[in-house]
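Structure file structure-v9.txt (compact mmCIF, C-alpha atoms) follows.
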```txt
# COMPACT_ATOMS: atom_id res chain seq x y z
CA MET A 122 88.22 82.80 78.20
CA ASN A 123 86.71 84.67 75.26
CA PHE A 124 84.21 86.98 76.92
CA SER A 125 82.69 89.45 74.49
CA PHE A 126 80.15 92.08 75.51
CA LYS A 127 78.72 92.14 71.97
CA GLU A 128 78.23 88.34 71.91
CA ILE A 129 76.65 88.36 75.38
CA VAL A 130 74.21 91.13 74.40
CA THR A 131 73.28 89.48 71.08
CA ALA A 132 72.85 86.00 72.63
CA SER A 133 70.83 87.52 75.50
CA MET A 134 68.52 89.28 73.05
CA VAL A 135 68.02 86.11 71.01
CA LEU A 136 67.17 84.09 74.12
CA PHE A 137 64.99 86.89 75.52
CA ALA A 138 62.97 87.00 72.31
CA VAL A 139 62.69 83.20 71.98
CA ILE A 140 61.82 82.57 75.64
CA ASP A 141 59.30 85.46 75.38
CA ILE A 142 58.54 85.43 79.10
CA LEU A 143 56.72 88.79 78.83
CA GLY A 144 54.46 87.31 76.15
CA SER A 145 53.84 84.36 78.48
CA VAL A 146 52.66 86.56 81.36
CA PRO A 147 48.96 85.84 80.59
CA ILE A 148 49.66 82.06 80.70
CA VAL A 149 51.60 82.47 83.97
CA ILE A 150 48.76 84.49 85.48
CA SER A 151 46.10 81.95 84.44
CA LEU A 152 48.25 79.18 85.95
CA ARG A 153 48.61 81.16 89.17
CA ASN A 154 44.83 81.65 89.30
CA LYS A 155 44.24 77.89 88.85
CA VAL A 156 46.73 76.59 91.41
CA GLY A 157 47.37 79.61 93.63
CA HIS A 158 51.19 79.56 93.61
CA ILE A 159 54.00 79.26 91.09
CA GLN A 160 57.38 77.95 92.21
CA SER A 161 59.41 80.72 90.54
CA GLU A 162 62.79 79.73 92.03
CA LYS A 163 62.46 76.04 91.21
CA ALA A 164 61.15 76.68 87.68
CA SER A 165 63.99 79.15 86.95
CA ILE A 166 66.74 76.85 88.27
CA VAL A 167 65.42 73.80 86.39
CA ALA A 168 65.11 75.81 83.15
CA ALA A 169 68.69 77.11 83.56
CA CYS A 170 69.99 73.56 84.14
CA ILE A 171 68.16 72.27 81.04
CA MET A 172 69.57 75.08 78.87
CA VAL A 173 73.17 74.81 80.12
CA ALA A 174 73.11 71.01 79.85
CA PHE A 175 71.81 71.24 76.29
CA LEU A 176 74.49 73.79 75.46
CA PHE A 177 77.21 71.30 76.44
CA VAL A 178 75.60 67.95 75.56
CA GLY A 179 73.43 68.97 72.62
CA GLU A 180 76.29 68.92 70.13
CA SER A 181 77.35 65.43 71.26
CA ILE A 182 73.79 64.21 70.76
CA LEU A 183 73.81 65.69 67.26
CA ASN A 184 77.15 64.04 66.46
CA LEU A 185 75.76 60.74 67.68
CA ILE A 186 73.00 60.92 65.08
CA GLY A 187 75.31 62.37 62.41
CA ILE A 188 74.22 66.02 62.23
CA ASP A 189 76.76 68.87 62.34
CA VAL A 190 76.16 72.13 64.26
CA ASN A 191 75.90 74.23 61.08
CA SER A 192 73.06 72.07 59.73
CA PHE A 193 71.30 72.32 63.09
CA ALA A 194 71.86 76.09 63.10
CA VAL A 195 70.22 76.40 59.67
CA ALA A 196 67.26 74.34 60.93
CA GLY A 197 67.25 76.49 64.08
CA ALA A 198 67.19 79.63 61.93
CA PHE A 199 63.94 78.36 60.36
CA VAL A 200 62.41 77.68 63.79
CA ILE A 201 63.47 81.15 65.04
CA PHE A 202 62.13 82.69 61.80
CA PHE A 203 58.69 81.13 62.31
CA LEU A 204 58.64 82.06 66.01
CA ALA A 205 59.43 85.64 64.98
CA LEU A 206 56.62 85.59 62.40
CA GLU A 207 54.23 84.49 65.14
CA MET A 208 55.36 87.38 67.34
CA VAL A 209 55.20 90.04 64.62
CA LEU A 210 51.98 88.95 62.91
CA GLY A 211 50.16 87.78 66.05
CA ILE A 212 49.38 84.38 64.55
CA THR A 213 49.89 80.89 65.93
CA LEU A 214 51.84 78.52 63.68
CA PHE A 215 52.75 76.03 66.40
CA LYS A 216 52.32 76.07 70.16
CA ASP A 217 52.15 73.49 72.89
CA ASP A 218 48.85 73.02 74.67
CA GLN A 219 48.35 75.28 77.64
CA PRO A 220 49.71 73.53 80.73
CA GLU A 221 47.23 72.37 83.36
CA SER A 222 49.27 72.97 86.53
CA ALA A 223 51.95 75.39 87.70
CA SER A 224 54.61 72.83 88.55
CA VAL A 225 58.16 72.82 87.19
CA VAL A 226 57.12 70.82 84.11
CA PRO A 227 54.88 73.36 82.37
CA ILE A 228 56.85 76.45 83.45
CA ALA A 229 60.51 75.33 83.19
CA PHE A 230 59.77 73.03 80.25
CA PRO A 231 58.28 73.82 77.74
CA LEU A 232 57.37 77.42 78.63
CA ILE A 233 60.93 78.67 79.36
CA ALA A 234 63.28 75.98 78.02
CA GLY A 235 61.15 74.77 75.14
CA ALA A 236 62.05 73.52 71.68
CA GLY A 237 62.64 77.02 70.31
CA THR A 238 64.97 77.92 73.17
CA LEU A 239 67.02 74.71 72.90
CA THR A 240 67.26 75.06 69.12
CA SER A 241 68.38 78.67 69.53
CA ILE A 242 71.06 77.67 72.06
CA LEU A 243 72.63 75.20 69.64
CA ALA A 244 72.28 77.65 66.76
CA LEU A 245 74.05 80.31 68.88
CA ARG A 246 76.77 77.81 69.71
CA ALA A 247 77.63 77.59 66.02
CA GLU A 248 78.48 81.31 66.05
CA TYR A 249 79.42 82.40 69.58
CA HIS A 250 81.77 81.31 72.37
CA VAL A 251 80.21 79.01 74.98
CA GLU A 252 81.04 81.26 77.96
CA ASN A 253 79.14 84.17 76.39
CA ILE A 254 76.09 81.96 75.84
CA VAL A 255 76.24 80.76 79.48
CA VAL A 256 76.27 84.40 80.66
CA ALA A 257 73.33 85.13 78.33
CA ILE A 258 71.42 82.15 79.79
CA ILE A 259 72.08 83.39 83.36
CA ILE A 260 70.95 86.94 82.47
CA ASN A 261 67.75 85.58 80.95
CA ILE A 262 67.03 83.23 83.85
CA ILE A 263 67.38 86.13 86.31
CA PHE A 264 64.94 88.13 84.18
CA VAL A 265 62.57 85.14 83.91
CA TYR A 266 62.65 84.73 87.70
CA LEU A 267 61.85 88.41 88.24
CA VAL A 268 58.97 88.25 85.74
CA LEU A 269 57.54 85.07 87.32
CA LYS A 270 57.73 86.70 90.76
CA SER A 271 56.00 89.91 89.64
CA SER A 272 53.83 88.76 86.70
CA SER A 273 50.59 90.32 87.95
CA LYS A 274 52.30 93.72 88.53
CA ILE A 275 53.82 93.60 85.03
CA GLU A 276 50.45 92.90 83.46
CA ARG A 277 48.87 95.82 85.35
CA ILE A 278 51.70 98.23 84.40
CA LEU A 279 52.09 97.32 80.71
CA GLY A 280 48.56 96.22 79.93
CA LYS A 281 47.68 94.07 76.93
CA ASN A 282 48.78 96.74 74.44
CA GLY A 283 52.19 97.22 76.09
CA LEU A 284 52.86 93.47 76.08
CA SER A 285 51.80 93.31 72.44
CA VAL A 286 54.19 96.12 71.43
CA ILE A 287 57.14 94.48 73.25
CA ARG A 288 56.34 91.17 71.55
CA LYS A 289 56.29 92.75 68.09
CA VAL A 290 59.53 94.70 68.60
CA PHE A 291 61.38 91.58 69.73
CA GLY A 292 59.74 89.64 66.91
CA VAL A 293 61.34 91.96 64.34
CA ILE A 294 64.74 91.70 66.09
CA LEU A 295 64.38 87.92 66.16
CA LEU A 296 63.49 87.89 62.44
CA ALA A 297 66.70 89.76 61.60
CA ILE A 298 68.75 87.42 63.80
CA ALA A 299 67.20 84.37 62.09
CA VAL A 300 68.17 85.72 58.66
CA LYS A 301 71.76 86.42 59.83
CA LEU A 302 72.03 82.97 61.44
CA PHE A 303 70.78 81.33 58.24
CA ALA A 304 73.13 83.30 55.98
CA THR A 305 76.20 82.64 58.14
CA ASN A 306 75.61 78.91 58.53
CA ILE A 307 74.42 78.17 54.99
CA ASN A 308 77.79 79.54 53.78
CA GLN A 309 79.60 77.19 56.18
CA LEU A 310 77.62 74.24 54.80
CA TRP A 311 78.65 75.10 51.23
CA LEU A 312 82.32 75.38 52.27
CA ASN A 313 82.33 71.93 53.95
```
Could you render the structure from this file as structure tokens?
Amino acid sequence: MNFSFKEIVTASMVLFAVIDILGSVPIVISLRNKVGHIQSEKASIVAACIMVAFLFVGESILNLIGIDVNSFAVAGAFVIFFLALEMVLGITLFKDDQPESASVVPIAFPLIAGAGTLTSILALRAEYHVENIVVAIIINIIFVYLVLKSSSKIERILGKNGLSVIRKVFGVILLAIAVKLFATNINQLWLN
């Protein structure tokens, strides 16, 4: 076992920024208003299963189609970079349509375990030990569950400005991580 506190913290921050559950609080609240109840436990467990499964099977799928992890990590760095730009600049480059119901499908996937999250997981796998990424996923899922359970309280406490500040701060962190991920993996591609 190669547990590393530094890797766990870094992977947790990457996933926290990419999942952006605090930024999704307005979507969660509008879903709750439409359907009355959100299945927080079910959505969190399904999202965790999707992420862990992709962590272990994602590389095999890539190998099947002839793509190595470093190439995927470089592509992932671009996705993370553009997600970070969205967060920092407050623009929308690409987003899924707003879900119509509060079932597992719109919350667990794509809101929590969406394309950005899955790309980030594989990109992290190119740099960090799997057990540290699993711990980071668990930490984030616990946080996601707590946010889903208390989304209306969080919105009242932080307000729109507070949520916006948190989004921008994590956007800058995510931008720096994307650059580091790109630099590390582009070097590996040149060495191969």
Exercise: region 181-193 of chain A partners within 10 Å, all atoms listed in the file, chain neighbours under 6 positions left out, as number ranges by chain: A: 175, 199, 240-241, 243-248, 302-303, 305-310, 313
Proximity to Arg288 (chain A) - best of A:Val195, A:Val130, A:Val178, A:Ile140, all atoms listed in the file: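 That would be A:Ile140, the residue with the smallest distance to Arg288 (chain A).
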Interatomic distance (Å, one decimal) between CA of Glu162 (chain A) and CA of Tyr266 (chain A):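 It comes out at 6.6 Å.
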Surrounding residues of Val286 (chain A) excluding itself and chain neighbours under 3 positions, 12 Å, all atoms listed in the file, as a list in words: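 The residues satisfying every condition are Leu143, Gly144, Met208, Val209, Leu210, Gly211, Leu279, Gly280, Lys281, Asn282, Gly283, Lys289, Val290, Phe291, Gly292 and Val293 of chain A.
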Among listed residues A:Ile262, A:Ser285, A:Glu252, A:Ala304, nearest Leu176 (chain A) (using only C-alpha atoms):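 For Leu176 (chain A), the nearest of the candidates is A:Glu252.
Reported to one decimal place, the separation of CA of Pro231 (chain A) from CA of Ile159 (chain A) is 15.0 Å.
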Between CA of Leu206 (chain A) and CA of Val167 (chain A) - distance in Å to one decimal: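 Separation of CA of Val167 (chain A) and CA of Leu206 (chain A): 28.1 Å.
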Write out as a CSV table (one decimal) with C-alpha atoms, in the coordinates of the input each polymer residue whose atoms come within 12 Å of Ile228 (chain A), counting only C-alpha atoms; drop sequence neighbours fewer than 6 positions from it.
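So the final result, stored in result.csv, reads:
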```
chain,number,residue,atom,x,y,z
A,140,ILE,CA,61.8,82.6,75.6
A,142,ILE,CA,58.5,85.4,79.1
A,145,SER,CA,53.8,84.4,78.5
A,146,VAL,CA,52.7,86.6,81.4
A,148,ILE,CA,49.7,82.1,80.7
A,149,VAL,CA,51.6,82.5,84.0
A,150,ILE,CA,48.8,84.5,85.5
A,152,LEU,CA,48.2,79.2,86.0
A,153,ARG,CA,48.6,81.2,89.2
A,159,ILE,CA,54.0,79.3,91.1
A,160,GLN,CA,57.4,78.0,92.2
A,161,SER,CA,59.4,80.7,90.5
A,162,GLU,CA,62.8,79.7,92.0
A,163,LYS,CA,62.5,76.0,91.2
A,164,ALA,CA,61.2,76.7,87.7
A,165,SER,CA,64.0,79.2,87.0
A,166,ILE,CA,66.7,76.8,88.3
A,167,VAL,CA,65.4,73.8,86.4
A,168,ALA,CA,65.1,75.8,83.2
A,169,ALA,CA,68.7,77.1,83.6
A,217,ASP,CA,52.2,73.5,72.9
A,219,GLN,CA,48.4,75.3,77.6
A,220,PRO,CA,49.7,73.5,80.7
A,221,GLU,CA,47.2,72.4,83.4
A,222,SER,CA,49.3,73.0,86.5
A,234,ALA,CA,63.3,76.0,78.0
A,235,GLY,CA,61.2,74.8,75.1
A,265,VAL,CA,62.6,85.1,83.9
A,266,TYR,CA,62.6,84.7,87.7
A,269,LEU,CA,57.5,85.1,87.3
```
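When only C-alpha atoms are used to measure the gap to Leu239 (chain A), the shortest distance among A:Glu276, A:Leu214, A:Ile171, A:Glu207 belongs to A:Ile171.
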Size and centre in Å, one decimal, axis-aligned box, all listed region 130-136 of chain A atoms plus 6 Å per side, as AutoDock Vina command-line options:
```
--center_x 70.7 --center_y 87.6 --center_z 73.3 --size_x 19.0 --size_y 19.0 --size_z 16.5
```
Among the residues A:Ile287, A:Val139, A:Ala297, A:Ile263, the one that comes closest to Gly237 (chain A) [using only C-alpha atoms]: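 Answer, going by the shortest atom-to-atom distance: A:Val139.
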So which residues touch Asn253 (chain A) within 12 Å, counting all atoms listed in the file, skipping near sequence neighbours fewer than 5 positions away, as a PDB file with C-alpha atoms, in the coordinates of the input?
```pdb
ATOM      1  CA  MET A 122      88.220  82.800  78.200  1.00  0.00           C
ATOM      2  CA  ASN A 123      86.710  84.670  75.260  1.00  0.00           C
ATOM      3  CA  PHE A 124      84.210  86.980  76.920  1.00  0.00           C
ATOM      4  CA  SER A 125      82.690  89.450  74.490  1.00  0.00           C
ATOM      5  CA  PHE A 126      80.150  92.080  75.510  1.00  0.00           C
ATOM      6  CA  LYS A 127      78.720  92.140  71.970  1.00  0.00           C
ATOM      7  CA  GLU A 128      78.230  88.340  71.910  1.00  0.00           C
ATOM      8  CA  ILE A 129      76.650  88.360  75.380  1.00  0.00           C
ATOM      9  CA  VAL A 130      74.210  91.130  74.400  1.00  0.00           C
ATOM     10  CA  THR A 131      73.280  89.480  71.080  1.00  0.00           C
ATOM     11  CA  ALA A 132      72.850  86.000  72.630  1.00  0.00           C
ATOM     12  CA  SER A 133      70.830  87.520  75.500  1.00  0.00           C
ATOM     13  CA  VAL A 173      73.170  74.810  80.120  1.00  0.00           C
ATOM     14  CA  LEU A 176      74.490  73.790  75.460  1.00  0.00           C
ATOM     15  CA  ILE A 242      71.060  77.670  72.060  1.00  0.00           C
ATOM     16  CA  LEU A 245      74.050  80.310  68.880  1.00  0.00           C
ATOM     17  CA  ARG A 246      76.770  77.810  69.710  1.00  0.00           C
ATOM     18  CA  GLU A 248      78.480  81.310  66.050  1.00  0.00           C
ATOM     19  CA  ILE A 258      71.420  82.150  79.790  1.00  0.00           C
ATOM     20  CA  ILE A 259      72.080  83.390  83.360  1.00  0.00           C
ATOM     21  CA  ILE A 260      70.950  86.940  82.470  1.00  0.00           C
TER      22      ILE A 260
END
```
